[in-house]
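Enquirer: run.cif is reproduced below (mmCIF, C-alpha atoms and all ligand atoms).
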data_model
#
loop_
_atom_site.group_PDB
_atom_site.id
_atom_site.type_symbol
_atom_site.label_atom_id
_atom_site.label_comp_id
_atom_site.auth_asym_id
_atom_site.auth_seq_id
_atom_site.Cartn_x
_atom_site.Cartn_y
_atom_site.Cartn_z
ATOM 1 C CA MET A 461 8.126 -3.122 26.917
ATOM 2 C CA LYS A 462 7.816 -0.963 23.823
ATOM 3 C CA SER A 463 4.292 -0.507 22.473
ATOM 4 C CA ILE A 464 3.540 -0.240 18.761
ATOM 5 C CA THR A 465 0.476 -0.256 16.536
ATOM 6 C CA VAL A 466 0.407 -2.251 13.329
ATOM 7 C CA ALA A 467 -2.273 -2.013 10.644
ATOM 8 C CA LEU A 468 -3.128 -4.987 8.442
ATOM 9 C CA ALA A 469 -4.096 -4.058 4.900
ATOM 10 C CA GLY A 470 -4.874 -6.312 1.955
ATOM 11 C CA ASN A 471 -7.201 -7.239 -0.864
ATOM 12 C CA PRO A 472 -10.409 -9.041 0.080
ATOM 13 C CA ASN A 473 -9.715 -12.796 0.293
ATOM 14 C CA SER A 474 -5.952 -12.384 0.545
ATOM 15 C CA GLY A 475 -6.196 -14.114 3.926
ATOM 16 C CA LYS A 476 -5.999 -10.952 6.017
ATOM 17 C CA THR A 477 -8.347 -12.234 8.722
ATOM 18 C CA SER A 478 -6.453 -15.531 8.896
ATOM 19 C CA VAL A 479 -3.154 -13.674 9.332
ATOM 20 C CA PHE A 480 -4.768 -11.377 11.928
ATOM 21 C CA ASN A 481 -6.016 -14.423 13.855
ATOM 22 C CA MET A 482 -2.650 -16.140 13.551
ATOM 23 C CA LEU A 483 -0.949 -13.051 15.017
ATOM 24 C CA THR A 484 -3.379 -12.206 17.800
ATOM 25 C CA GLY A 485 -5.015 -15.506 18.750
ATOM 26 C CA ALA A 486 -8.044 -14.967 20.942
ATOM 27 C CA ARG A 487 -7.004 -11.515 22.137
ATOM 28 C CA GLN A 488 -9.369 -9.532 19.934
ATOM 29 C CA HIS A 489 -11.805 -6.698 20.270
ATOM 30 C CA VAL A 490 -14.450 -5.753 17.704
ATOM 31 C CA GLY A 491 -15.803 -2.213 17.384
ATOM 32 C CA ASN A 492 -16.637 0.217 14.610
ATOM 33 C CA TYR A 493 -14.701 2.978 12.861
ATOM 34 C CA PRO A 494 -15.969 6.375 14.103
ATOM 35 C CA GLY A 495 -19.197 7.448 12.420
ATOM 36 C CA VAL A 496 -19.609 4.435 10.155
ATOM 37 C CA THR A 497 -20.809 0.859 10.533
ATOM 38 C CA VAL A 498 -17.634 -0.657 9.114
ATOM 39 C CA GLU A 499 -16.267 -3.149 11.627
ATOM 40 C CA LYS A 500 -12.966 -2.335 13.317
ATOM 41 C CA LYS A 501 -11.190 -5.343 14.729
ATOM 42 C CA GLU A 502 -8.233 -4.941 17.062
ATOM 43 C CA GLY A 503 -6.028 -7.532 18.687
ATOM 44 C CA GLN A 504 -2.843 -7.764 20.695
ATOM 45 C CA CYS A 505 0.213 -9.873 21.121
ATOM 46 C CA THR A 506 3.657 -9.584 22.644
ATOM 47 C CA HIS A 507 6.829 -10.479 20.804
ATOM 48 C CA ARG A 508 10.278 -10.241 22.419
ATOM 49 C CA ASP A 509 10.057 -6.961 24.361
ATOM 50 C CA TRP A 510 7.344 -5.451 22.183
ATOM 51 C CA ARG A 511 3.649 -5.106 22.882
ATOM 52 C CA ILE A 512 1.911 -4.991 19.507
ATOM 53 C CA THR A 513 -1.636 -3.828 18.820
ATOM 54 C CA PHE A 514 -2.981 -4.980 15.453
ATOM 55 C CA VAL A 515 -5.752 -3.175 13.590
ATOM 56 C CA ASP A 516 -7.497 -5.088 10.807
ATOM 57 C CA LEU A 517 -8.252 -2.540 8.045
ATOM 58 C CA PRO A 518 -11.135 -3.139 5.634
ATOM 59 C CA GLY A 519 -10.123 -5.345 2.692
ATOM 60 C CA THR A 520 -9.617 -3.169 -0.416
ATOM 61 C CA TYR A 521 -8.103 -3.409 -3.901
ATOM 62 C CA SER A 522 -7.090 0.228 -4.006
ATOM 63 C CA LEU A 523 -7.048 3.411 -1.911
ATOM 64 C CA THR A 524 -9.247 5.833 -3.798
ATOM 65 C CA ALA A 525 -11.976 8.017 -2.327
ATOM 66 C CA TYR A 526 -14.679 6.086 -4.189
ATOM 67 C CA SER A 527 -15.664 3.733 -1.370
ATOM 68 C CA THR A 528 -16.065 4.037 2.394
ATOM 69 C CA GLU A 529 -13.784 1.046 2.983
ATOM 70 C CA GLU A 530 -10.957 2.539 0.924
ATOM 71 C CA LEU A 531 -11.322 5.918 2.629
ATOM 72 C CA ILE A 532 -11.233 4.309 6.063
ATOM 73 C CA ALA A 533 -8.139 2.291 5.225
ATOM 74 C CA ARG A 534 -6.195 5.213 3.809
ATOM 75 C CA ASN A 535 -7.305 7.719 6.453
ATOM 76 C CA TYR A 536 -6.225 5.298 9.124
ATOM 77 C CA ILE A 537 -2.773 4.953 7.552
ATOM 78 C CA GLN A 538 -2.410 8.708 6.932
ATOM 79 C CA GLU A 539 -3.947 10.108 10.097
ATOM 80 C CA ASP A 540 -3.333 7.526 12.802
ATOM 81 C CA ARG A 541 0.138 6.775 11.428
ATOM 82 C CA PRO A 542 0.550 3.154 12.585
ATOM 83 C CA ASP A 543 4.180 2.221 13.265
ATOM 84 C CA VAL A 544 4.069 -0.457 10.574
ATOM 85 C CA VAL A 545 1.593 -1.402 7.843
ATOM 86 C CA VAL A 546 1.546 -5.096 7.006
ATOM 87 C CA ASP A 547 0.170 -5.615 3.522
ATOM 88 C CA VAL A 548 -1.205 -9.150 3.245
ATOM 89 C CA VAL A 549 -0.951 -10.292 -0.375
ATOM 90 C CA ASP A 550 -2.202 -13.417 -2.086
ATOM 91 C CA ALA A 551 1.088 -14.692 -3.531
ATOM 92 C CA SER A 552 -0.747 -16.874 -6.041
ATOM 93 C CA ASN A 553 -2.210 -13.672 -7.495
ATOM 94 C CA LEU A 554 0.689 -11.350 -6.856
ATOM 95 C CA GLU A 555 0.417 -8.895 -9.713
ATOM 96 C CA ARG A 556 -3.141 -7.896 -8.888
ATOM 97 C CA ASN A 557 -2.457 -7.756 -5.145
ATOM 98 C CA LEU A 558 0.550 -5.464 -5.484
ATOM 99 C CA TYR A 559 -1.571 -2.585 -6.770
ATOM 100 C CA LEU A 560 -2.599 -1.811 -3.203
ATOM 101 C CA ALA A 561 1.045 -2.092 -2.107
ATOM 102 C CA THR A 562 2.116 0.647 -4.536
ATOM 103 C CA GLN A 563 -0.447 2.961 -2.981
ATOM 104 C CA ILE A 564 0.603 2.266 0.588
ATOM 105 C CA MET A 565 4.216 2.810 -0.500
ATOM 106 C CA GLU A 566 3.171 6.207 -1.789
ATOM 107 C CA MET A 567 1.919 7.196 1.653
ATOM 108 C CA ASP A 568 5.451 6.641 2.999
ATOM 109 C CA ALA A 569 4.262 4.137 5.567
ATOM 110 C CA PRO A 570 6.856 1.708 6.965
ATOM 111 C CA MET A 571 5.779 -1.587 5.389
ATOM 112 C CA VAL A 572 6.141 -5.338 5.605
ATOM 113 C CA LEU A 573 4.724 -7.642 2.968
ATOM 114 C CA ALA A 574 3.056 -10.802 4.295
ATOM 115 C CA PHE A 575 3.477 -13.149 1.343
ATOM 116 C CA ASN A 576 0.372 -15.167 2.128
ATOM 117 C CA MET A 577 -1.101 -18.144 0.272
ATOM 118 C CA SER A 578 2.523 -19.054 -0.387
ATOM 119 C CA ASP A 579 1.460 -22.730 -0.278
ATOM 120 C CA LEU A 580 -1.036 -22.144 -3.077
ATOM 121 C CA ALA A 581 1.518 -20.254 -5.168
ATOM 122 C CA LYS A 582 3.962 -23.124 -4.789
ATOM 123 C CA ARG A 583 1.346 -25.679 -5.776
ATOM 124 C CA ARG A 584 0.689 -23.630 -8.907
ATOM 125 C CA GLY A 585 4.343 -23.896 -9.861
ATOM 126 C CA LEU A 586 5.245 -20.257 -9.159
ATOM 127 C CA GLU A 587 8.759 -19.498 -8.004
ATOM 128 C CA PHE A 588 9.777 -16.144 -6.591
ATOM 129 C CA ASP A 589 13.050 -14.346 -6.118
ATOM 130 C CA LEU A 590 11.925 -12.781 -2.857
ATOM 131 C CA ASP A 591 15.273 -11.130 -2.151
ATOM 132 C CA GLN A 592 15.083 -9.226 -5.377
ATOM 133 C CA LEU A 593 11.391 -8.411 -5.005
ATOM 134 C CA SER A 594 12.127 -7.170 -1.514
ATOM 135 C CA GLN A 595 14.812 -4.874 -2.927
ATOM 136 C CA LEU A 596 12.539 -3.587 -5.681
ATOM 137 C CA LEU A 597 9.729 -2.823 -3.242
ATOM 138 C CA GLN A 598 12.108 -1.743 -0.455
ATOM 139 C CA MET A 599 10.396 -3.733 2.256
ATOM 140 C CA PRO A 600 10.829 -7.065 4.031
ATOM 141 C CA ILE A 601 8.789 -9.929 2.569
ATOM 142 C CA VAL A 602 7.753 -12.853 4.749
ATOM 143 C CA PRO A 603 6.095 -15.984 3.311
ATOM 144 C CA THR A 604 3.061 -17.004 5.363
ATOM 145 C CA VAL A 605 0.281 -19.584 5.302
ATOM 146 C CA GLY A 606 -2.271 -17.744 7.390
ATOM 147 C CA ASN A 607 -4.803 -20.512 7.895
ATOM 148 C CA LYS A 608 -2.058 -22.900 9.088
ATOM 149 C CA GLY A 609 -0.244 -20.444 11.334
ATOM 150 C CA GLN A 610 2.968 -20.660 9.287
ATOM 151 C CA GLY A 611 5.382 -17.740 9.223
ATOM 152 C CA ARG A 612 4.120 -16.179 12.438
ATOM 153 C CA SER A 613 7.387 -15.579 14.269
ATOM 154 C CA GLU A 614 9.212 -14.537 11.072
ATOM 155 C CA LEU A 615 6.473 -11.994 10.374
ATOM 156 C CA LEU A 616 6.634 -10.671 13.930
ATOM 157 C CA ASP A 617 10.439 -10.382 13.662
ATOM 158 C CA ALA A 618 10.105 -8.339 10.468
ATOM 159 C CA ILE A 619 7.454 -6.117 12.087
ATOM 160 C CA VAL A 620 9.486 -5.209 15.164
ATOM 161 C CA GLU A 621 12.641 -4.771 13.077
ATOM 162 C CA THR A 622 10.805 -2.366 10.783
ATOM 163 C CA ALA A 623 9.294 -0.491 13.727
ATOM 164 C CA GLY A 624 12.713 -0.127 15.338
ATOM 165 C CA ALA A 625 14.598 0.822 12.161
ATOM 166 C CA GLU A 626 15.625 4.365 11.310
ATOM 167 C CA ARG A 627 13.332 5.852 8.641
ATOM 168 C CA LYS A 628 15.009 6.155 5.264
ATOM 169 C CA GLU A 629 13.693 7.964 2.264
ATOM 170 C CA ARG A 630 12.285 5.698 -0.405
ATOM 171 C CA THR A 631 14.425 5.547 -3.539
ATOM 172 C CA HIS A 632 12.337 2.994 -5.460
ATOM 173 C CA ARG A 633 8.838 4.125 -6.237
ATOM 174 C CA VAL A 634 6.346 4.354 -9.063
ATOM 175 C CA THR A 635 7.348 7.090 -11.498
ATOM 176 C CA TYR A 636 4.610 8.425 -13.696
ATOM 177 C CA GLY A 637 6.636 9.526 -16.729
ATOM 178 C CA GLY A 638 8.051 12.930 -17.654
ATOM 179 C CA GLU A 639 4.819 14.760 -18.477
ATOM 180 C CA ILE A 640 3.015 13.720 -15.303
ATOM 181 C CA GLU A 641 6.092 14.114 -13.085
ATOM 182 C CA ASP A 642 6.479 17.701 -14.367
ATOM 183 C CA GLU A 643 2.922 18.529 -13.336
ATOM 184 C CA LEU A 644 3.352 16.789 -9.977
ATOM 185 C CA LEU A 645 6.356 19.023 -9.317
ATOM 186 C CA ARG A 646 4.423 22.099 -10.334
ATOM 187 C CA ILE A 647 1.606 21.222 -7.929
ATOM 188 C CA GLU A 648 4.071 20.365 -5.167
ATOM 189 C CA GLU A 649 5.641 23.810 -5.558
ATOM 190 C CA THR A 650 2.323 25.620 -5.160
ATOM 191 C CA LEU A 651 1.550 23.380 -2.167
ATOM 192 C CA GLY A 652 4.836 24.464 -0.661
ATOM 193 C CA LYS A 653 3.641 28.020 -0.243
ATOM 194 C CA THR A 654 0.440 27.344 1.659
ATOM 195 C CA ASP A 655 -1.735 24.766 3.371
ATOM 196 C CA GLY A 656 1.047 24.054 5.844
ATOM 197 C CA GLY A 657 -0.905 21.746 8.123
ATOM 198 C CA VAL A 658 -2.278 19.608 5.328
ATOM 199 C CA VAL A 659 1.163 19.229 3.742
ATOM 200 C CA ALA A 660 2.732 18.196 7.039
ATOM 201 C CA ARG A 661 0.046 15.625 7.660
ATOM 202 C CA TYR A 662 -0.284 13.997 4.239
ATOM 203 C CA GLY A 663 3.026 14.674 2.497
ATOM 204 C CA ARG A 664 3.591 16.862 -0.516
ATOM 205 C CA ARG A 665 3.985 14.195 -3.195
ATOM 206 C CA TRP A 666 0.979 12.163 -2.053
ATOM 207 C CA LEU A 667 -1.197 15.280 -2.031
ATOM 208 C CA ALA A 668 0.004 16.232 -5.511
ATOM 209 C CA ILE A 669 -0.731 12.713 -6.815
ATOM 210 C CA LYS A 670 -4.235 12.695 -5.340
ATOM 211 C CA LEU A 671 -4.956 16.215 -6.594
ATOM 212 C CA LEU A 672 -3.878 15.266 -10.110
ATOM 213 C CA GLU A 673 -6.161 12.224 -9.864
ATOM 214 C CA GLN A 674 -8.932 14.669 -8.916
ATOM 215 C CA ASP A 675 -9.572 12.795 -5.701
ATOM 216 C CA GLU A 676 -12.599 14.449 -4.108
ATOM 217 C CA ASP A 677 -11.639 13.844 -0.509
ATOM 218 C CA VAL A 678 -8.169 15.360 -0.893
ATOM 219 C CA THR A 679 -9.403 18.213 -3.089
ATOM 220 C CA SER A 680 -11.888 19.172 -0.365
ATOM 221 C CA LYS A 681 -9.018 19.573 2.115
ATOM 222 C CA ILE A 682 -7.292 22.253 0.002
ATOM 223 C CA ARG A 683 -8.484 25.766 0.775
ATOM 224 C CA ASP A 684 -5.987 27.683 -1.344
ATOM 225 C CA ARG A 685 -7.434 28.844 -4.694
ATOM 226 C CA GLU A 686 -3.992 29.148 -6.250
ATOM 227 C CA VAL A 687 -3.317 25.450 -5.668
ATOM 228 C CA LEU A 688 -6.685 24.369 -7.046
ATOM 229 C CA GLU A 689 -6.204 26.527 -10.128
ATOM 230 C CA ALA A 690 -2.749 25.071 -10.727
ATOM 231 C CA VAL A 691 -4.230 21.573 -10.454
ATOM 232 C CA GLY A 692 -6.960 22.492 -12.938
ATOM 233 C CA ARG A 693 -4.368 23.718 -15.445
ATOM 234 C CA SER A 694 -2.244 20.599 -15.000
ATOM 235 C CA VAL A 695 -5.210 18.272 -15.458
ATOM 236 C CA GLU A 696 -6.252 20.048 -18.647
ATOM 237 C CA HIS A 697 -2.736 20.078 -20.025
ATOM 238 C CA LEU A 698 -2.334 16.341 -19.356
ATOM 239 C CA ARG A 699 -5.706 15.505 -20.868
ATOM 240 C CA ASP A 700 -4.546 17.305 -24.002
ATOM 241 C CA ILE A 701 -1.208 15.613 -24.382
ATOM 242 C CA LEU A 702 -2.117 12.150 -23.031
ATOM 243 C CA GLY A 703 -5.584 11.940 -24.556
ATOM 244 C CA ASP A 704 -7.002 10.497 -21.334
ATOM 245 C CA GLU A 705 -7.795 11.381 -17.734
ATOM 246 C CA PRO A 706 -4.561 11.666 -15.684
ATOM 247 C CA GLU A 707 -6.123 9.285 -13.142
ATOM 248 C CA ILE A 708 -6.387 6.520 -15.762
ATOM 249 C CA VAL A 709 -2.856 7.021 -17.067
ATOM 250 C CA MET A 710 -1.466 7.062 -13.510
ATOM 251 C CA ALA A 711 -3.171 3.752 -12.711
ATOM 252 C CA ASP A 712 -1.588 2.333 -15.886
ATOM 253 C CA ARG A 713 1.847 3.477 -14.770
ATOM 254 C CA ARG A 714 1.371 1.748 -11.406
ATOM 255 C CA TYR A 715 0.489 -1.468 -13.216
ATOM 256 C CA GLY A 716 3.600 -0.959 -15.364
ATOM 257 C CA PHE A 717 5.801 -0.695 -12.275
ATOM 258 C CA ILE A 718 4.258 -3.860 -10.805
ATOM 259 C CA SER A 719 4.419 -5.774 -14.036
ATOM 260 C CA GLY A 720 8.121 -4.939 -14.361
ATOM 261 C CA ALA A 721 8.812 -6.069 -10.798
ATOM 262 C CA CYS A 722 6.891 -9.320 -11.334
ATOM 263 C CA GLN A 723 8.622 -10.096 -14.623
ATOM 264 C CA GLU A 724 11.985 -9.791 -12.929
ATOM 265 C CA THR A 725 11.143 -11.873 -9.896
ATOM 266 C CA ILE A 726 8.538 -14.526 -10.739
ATOM 267 C CA GLN A 727 9.160 -17.643 -12.701
ATOM 268 C CA SER A 728 6.695 -20.438 -13.277
ATOM 269 C CA SER A 729 7.967 -23.975 -13.649
ATOM 270 C CA VAL A 730 5.792 -24.219 -16.770
ATOM 271 C CA GLU A 731 7.740 -21.342 -18.377
ATOM 272 C CA ARG A 732 11.053 -22.838 -17.345
ATOM 273 C CA ARG A 733 10.285 -26.100 -19.101
ATOM 274 C CA HIS A 734 9.743 -24.056 -22.250
ATOM 275 C CA ASP A 735 13.035 -22.239 -21.765
ATOM 276 C CA VAL A 736 15.162 -25.393 -21.755
ATOM 277 C CA SER A 737 13.395 -27.137 -24.643
HETATM 278 P P1 LIG B 801 -9.731 -12.116 4.024
HETATM 279 O O1 LIG B 801 -10.952 -11.901 3.192
HETATM 280 O O2 LIG B 801 -8.548 -11.465 3.403
HETATM 281 O O3 LIG B 801 -9.910 -11.739 5.447
HETATM 282 O O4 LIG B 801 -9.390 -13.682 3.930
HETATM 283 P P2 LIG B 801 -9.663 -14.867 4.969
HETATM 284 O O5 LIG B 801 -8.673 -14.837 6.076
HETATM 285 O O6 LIG B 801 -11.099 -14.866 5.351
HETATM 286 O O7 LIG B 801 -9.291 -16.106 4.064
HETATM 287 C C1 LIG B 801 -9.993 -16.436 2.876
HETATM 288 C C2 LIG B 801 -9.868 -17.946 2.654
HETATM 289 O O8 LIG B 801 -8.512 -18.309 2.372
HETATM 290 C C3 LIG B 801 -10.250 -18.772 3.860
HETATM 291 O O9 LIG B 801 -10.901 -19.924 3.404
HETATM 292 C C4 LIG B 801 -8.913 -19.118 4.512
HETATM 293 O O10 LIG B 801 -8.958 -20.337 5.238
HETATM 294 C C5 LIG B 801 -8.024 -19.263 3.313
HETATM 295 N N1 LIG B 801 -6.606 -18.944 3.573
HETATM 296 C C6 LIG B 801 -6.113 -17.921 4.318
HETATM 297 N N2 LIG B 801 -4.763 -17.909 4.273
HETATM 298 C C7 LIG B 801 -4.393 -18.947 3.485
HETATM 299 C C8 LIG B 801 -3.117 -19.460 3.029
HETATM 300 O O11 LIG B 801 -2.044 -18.932 3.330
HETATM 301 N N3 LIG B 801 -3.149 -20.540 2.200
HETATM 302 C C9 LIG B 801 -4.319 -21.129 1.822
HETATM 303 N N4 LIG B 801 -4.221 -22.197 1.010
HETATM 304 N N5 LIG B 801 -5.524 -20.675 2.208
HETATM 305 C C10 LIG B 801 -5.572 -19.587 3.029
HETATM 306 K K K B 802 -13.325 -13.348 3.141
HETATM 307 MG MG MG B 803 -11.399 -10.601 6.405
#
Could you quickly redo this structure as structure tokens?
Expert:
Amino acid sequence: MKSITVALAGNPNSGKTSVFNMLTGARQHVGNYPGVTVEKKEGQCTHRDWRITFVDLPGTYSLTAYSTEELIARNYIQEDRPDVVVDVVDASNLERNLYLATQIMEMDAPMVLAFNMSDLAKRRGLEFDLDQLSQLLQMPIVPTVGNKGQGRSELLDAIVETAGAERKERTHRVTYGGEIEDELLRIEETLGKTDGGVVARYGRRWLAIKLLEQDEDVTSKIRDREVLEAVGRSVEHLRDILGDEPEIVMADRRYGFISGACQETIQSSVERRHDVS
């Protein structure tokens, strides 16, 4: 038996608890995350020769440092390094739900997308090219109907396959445009010189992104003055040329990436009727 830990992430009401229950059945344990009263639910199952422990992360729309739930979810992914993160999305509301996915992608976590509420999406006349979406997001996508137990074994197959696969570097990711990418590189270079432990734990690019977003939690982890000064200069420079906070522009670019992916891979039967007429 090989043992792995899998975290379930997702927007509130995406059906995360239903998928968790579908995967773990009655084998659940409820506790709290250390130091806070946010509930931590764990459950187990076995699949083929794998023993899988599932951790139900708090439901969040994003992974900023602005709320306890978001901090818990992202710290768990970054610090406990689960073998796989399953992002449960509401397929009938895909564009909004993928915002969280782009942020988990940025943490370089091995991911599987549980394409939940796929029944609802179908009823609404949405059709997806899941092969192409899977290529664009570089992760397996498994349609599920959490409250009916549909897609369970396919999801478990994708999880153990992902856990067993060799890690490859991500080639598709959100790019923030020349001006921001230049500053990210600059910050990454200053990070290269110091703060060794922090860089090893969180990853250079993710740290640079969060520093440019002026994320308080990440900023507080950086002790090196030189890095913080470089970040300050970059933020000011970007404010000047973009006319807005880098954080806002970066969120826009993530939505741009998602919107592009959705345009290429979603068709509604309503639209198609227009196309032929
Ligand atoms: P959570 O907030 O993400 O944990 O979502 P829940 O698991 O509590 O589900 C929210 C609601 O959606 C509940 O009423 C579920 O029964 C329902 N639900 C969950 N998964 C599906 C699904 O795949 N299809 C449909 N139609 N409803 C679902
Ligand atoms: K709920
Ligand atoms: Mg829930």
Enquirer: Counting all atoms listed in the file, which residues in chain A sit no more than 8 Å from ligand LIG 801 (chain B)? For each one, give the nearest pair of atoms and the distance in Å, sorted by chain then residue number, as a tab-separated table.
Expert:
residue	atom	partner	partner_atom	distance
A:Gly470	CA	B:LIG801	O2	6.5
A:Asn471	CA	B:LIG801	O2	6.2
A:Pro472	CA	B:LIG801	O1	4.3
A:Asn473	CA	B:LIG801	O1	3.3
A:Ser474	CA	B:LIG801	O2	4.0
A:Gly475	CA	B:LIG801	O4	3.2
A:Lys476	CA	B:LIG801	O2	3.7
A:Thr477	CA	B:LIG801	O3	3.7
A:Ser478	CA	B:LIG801	O5	3.7
A:Val479	CA	B:LIG801	O5	6.5
A:Phe480	CA	B:LIG801	O5	7.8
A:Gly519	CA	B:LIG801	O2	6.4
A:Val548	CA	B:LIG801	O2	7.7
A:Asp550	CA	B:LIG801	O11	7.7
A:Asn576	CA	B:LIG801	O11	4.6
A:Met577	CA	B:LIG801	O11	3.3
A:Ser578	CA	B:LIG801	O11	5.9
A:Asp579	CA	B:LIG801	N3	5.7
A:Leu580	CA	B:LIG801	N4	5.2
A:Thr604	CA	B:LIG801	O11	5.8
A:Val605	CA	B:LIG801	O11	3.1
A:Gly606	CA	B:LIG801	N2	4.0
A:Asn607	CA	B:LIG801	N2	4.5
A:Lys608	CA	B:LIG801	O11	7.0
A:Gln610	CA	B:LIG801	O11	8.0
Enquirer: What does the file look like for those residues with C-alpha atoms, as a PDB file, keeping the file's coordinate frame?
Expert:
ATOM      1  CA  GLY A 470      -4.874  -6.312   1.955  1.00  0.00           C
ATOM      2  CA  ASN A 471      -7.201  -7.239  -0.864  1.00  0.00           C
ATOM      3  CA  PRO A 472     -10.409  -9.041   0.080  1.00  0.00           C
ATOM      4  CA  ASN A 473      -9.715 -12.796   0.293  1.00  0.00           C
ATOM      5  CA  SER A 474      -5.952 -12.384   0.545  1.00  0.00           C
ATOM      6  CA  GLY A 475      -6.196 -14.114   3.926  1.00  0.00           C
ATOM      7  CA  LYS A 476      -5.999 -10.952   6.017  1.00  0.00           C
ATOM      8  CA  THR A 477      -8.347 -12.234   8.722  1.00  0.00           C
ATOM      9  CA  SER A 478      -6.453 -15.531   8.896  1.00  0.00           C
ATOM     10  CA  VAL A 479      -3.154 -13.674   9.332  1.00  0.00           C
ATOM     11  CA  PHE A 480      -4.768 -11.377  11.928  1.00  0.00           C
ATOM     12  CA  GLY A 519     -10.123  -5.345   2.692  1.00  0.00           C
ATOM     13  CA  VAL A 548      -1.205  -9.150   3.245  1.00  0.00           C
ATOM     14  CA  ASP A 550      -2.202 -13.417  -2.086  1.00  0.00           C
ATOM     15  CA  ASN A 576       0.372 -15.167   2.128  1.00  0.00           C
ATOM     16  CA  MET A 577      -1.101 -18.144   0.272  1.00  0.00           C
ATOM     17  CA  SER A 578       2.523 -19.054  -0.387  1.00  0.00           C
ATOM     18  CA  ASP A 579       1.460 -22.730  -0.278  1.00  0.00           C
ATOM     19  CA  LEU A 580      -1.036 -22.144  -3.077  1.00  0.00           C
ATOM     20  CA  THR A 604       3.061 -17.004   5.363  1.00  0.00           C
ATOM     21  CA  VAL A 605       0.281 -19.584   5.302  1.00  0.00           C
ATOM     22  CA  GLY A 606      -2.271 -17.744   7.390  1.00  0.00           C
ATOM     23  CA  ASN A 607      -4.803 -20.512   7.895  1.00  0.00           C
ATOM     24  CA  LYS A 608      -2.058 -22.900   9.088  1.00  0.00           C
ATOM     25  CA  GLN A 610       2.968 -20.660   9.287  1.00  0.00           C
TER      26      GLN A 610
END
Enquirer: Considering all atoms listed in the file, can you say which of A:Asp591, A:Gly638, A:Gln538, A:Thr465 comes closest to Leu667 (chain A)?
Expert: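 Using all atoms listed in the file, Leu667 (chain A) sits closest to A:Gln538.
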Enquirer: I'd like the residues picked by the PyMOL selection byres (((chain A and resi 723) around 12) and not hetatm) written out as an MDAnalysis selection string, using the chain letters and numbers from the file.
Expert: chainID A and resid 554:555 587:589 592:593 596 715:722 724:728 731
Enquirer: Considering all atoms listed in the file, can you say which of A:Gly624, A:Tyr559, A:Thr484, A:Ser527 comes closest to Lys462 (chain A)?
Expert: A:Gly624
Enquirer: For the atom pair CA of Ala569 (chain A) and CA of Val545 (chain A), what is the interatomic distance in Å to one decimal place?
Expert: 6.6 Å
Enquirer: Return as an NGL selection string the set of residues that the PyMOL selection byres (((chain A and resi 491-499) around 8) and not hetatm) yields on the displayed structure.
Expert: :A and (489-490 or 500-501 or 518 or 529 or 532)
Enquirer: With distances taken over only C-alpha atoms, which residue among A:Ser613, A:Gln598, A:Gln504, A:Ser522 lies nearest Asn557 (chain A)?
Expert: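 Distance minimum relative to Asn557 (chain A) lands on A:Ser522.
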Enquirer: What does the distance from CA of Asp675 (chain A) to CA of Ala551 (chain A) come to in Å, to one decimal?
Expert: 29.6 Å
Enquirer: Step by step, work through what the PyMOL selection byres (((chain A and resi 541) around 12) and not hetatm) selects in the shown file, and finish by giving those residues as an MDAnalysis selection string.
Expert: chainID A and resid 464:467 515 533:540 542:545 564 567:571 623 661:662
Enquirer: What does the distance between CA of Ala618 (chain A) and CA of Ser729 (chain A) come to in Å, to one decimal place?
Expert: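 Here the two named atoms are 28.8 Å from each other.
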Enquirer: Dump as a list of chain:residue names all residues having an atom at most 6 Å from (-0.8, -7.4, 18.5), computed in the file's coordinates with only C-alpha atoms.
Expert: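 Protein and nucleic acid residues near the point are A:Thr484, A:Gly503, A:Gln504, A:Cys505, A:Ile512, A:Thr513, A:Phe514.
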Enquirer: May I ask which of the residues A:Arg714, A:Thr520, A:Tyr526, A:Asp642 is the closest one to ligand K 802 (chain B), counting all atoms listed in the file?
Expert: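 Of A:Arg714, A:Thr520, A:Tyr526, A:Asp642, the one nearest ligand K 802 (chain B) is A:Thr520, counting all atoms listed in the file.
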Enquirer: Please determine, counting all atoms listed in the file, which residue among A:Arg665, A:Arg556, A:Arg583, A:Lys670 has the shortest atom-to-atom distance to Leu645 (chain A).
Expert: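 The answer is A:Arg665, which sits nearest to Leu645 (chain A).
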Enquirer: Nearest to ligand MG 803 (chain B): which of A:Asn481, A:Thr622, A:Ser680, A:Asn553 is it, counting all atoms listed in the file?
Expert: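 With all atoms listed in the file as the atom set, the closest residue is A:Asn481.
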Enquirer: Determine the axis-aligned bounding box of all atoms of region 587-602 of chain A present in the file, pad each side by 5 Å, and express its centre and edge lengths in Å to one decimal place as AutoDock Vina command-line options.
Expert:
--center_x 11.5 --center_y -10.6 --center_z -1.6 --size_x 17.5 --size_y 27.8 --size_z 22.8
Enquirer: Compile the contact shell of Val572 (chain A) as a list in words: residues with an atom at most 7 Å away, counting only C-alpha atoms, same-chain residues fewer than 5 positions apart removed.
Expert: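 Listed by chain and then number, they are Val545, Val546, Asp547, Met599, Pro600, Ile601, Ala618 and Ile619 of chain A.
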Enquirer: Skip Arg713 (chain A) itself and residues of its chain fewer than 2 positions away, then list as an mmCIF file with C-alpha atoms, in the frame of the given file all residues within 8 Å of it, counting only C-alpha atoms.
Expert:
data_model
loop_
_atom_site.group_PDB
_atom_site.id
_atom_site.type_symbol
_atom_site.label_atom_id
_atom_site.label_comp_id
_atom_site.auth_asym_id
_atom_site.auth_seq_id
_atom_site.Cartn_x
_atom_site.Cartn_y
_atom_site.Cartn_z
ATOM 1 C CA VAL A 634 6.346 4.354 -9.063
ATOM 2 C CA THR A 635 7.348 7.090 -11.498
ATOM 3 C CA TYR A 636 4.610 8.425 -13.696
ATOM 4 C CA GLY A 637 6.636 9.526 -16.729
ATOM 5 C CA VAL A 709 -2.856 7.021 -17.067
ATOM 6 C CA MET A 710 -1.466 7.062 -13.510
ATOM 7 C CA ALA A 711 -3.171 3.752 -12.711
ATOM 8 C CA TYR A 715 0.489 -1.468 -13.216
ATOM 9 C CA GLY A 716 3.600 -0.959 -15.364
ATOM 10 C CA PHE A 717 5.801 -0.695 -12.275
#
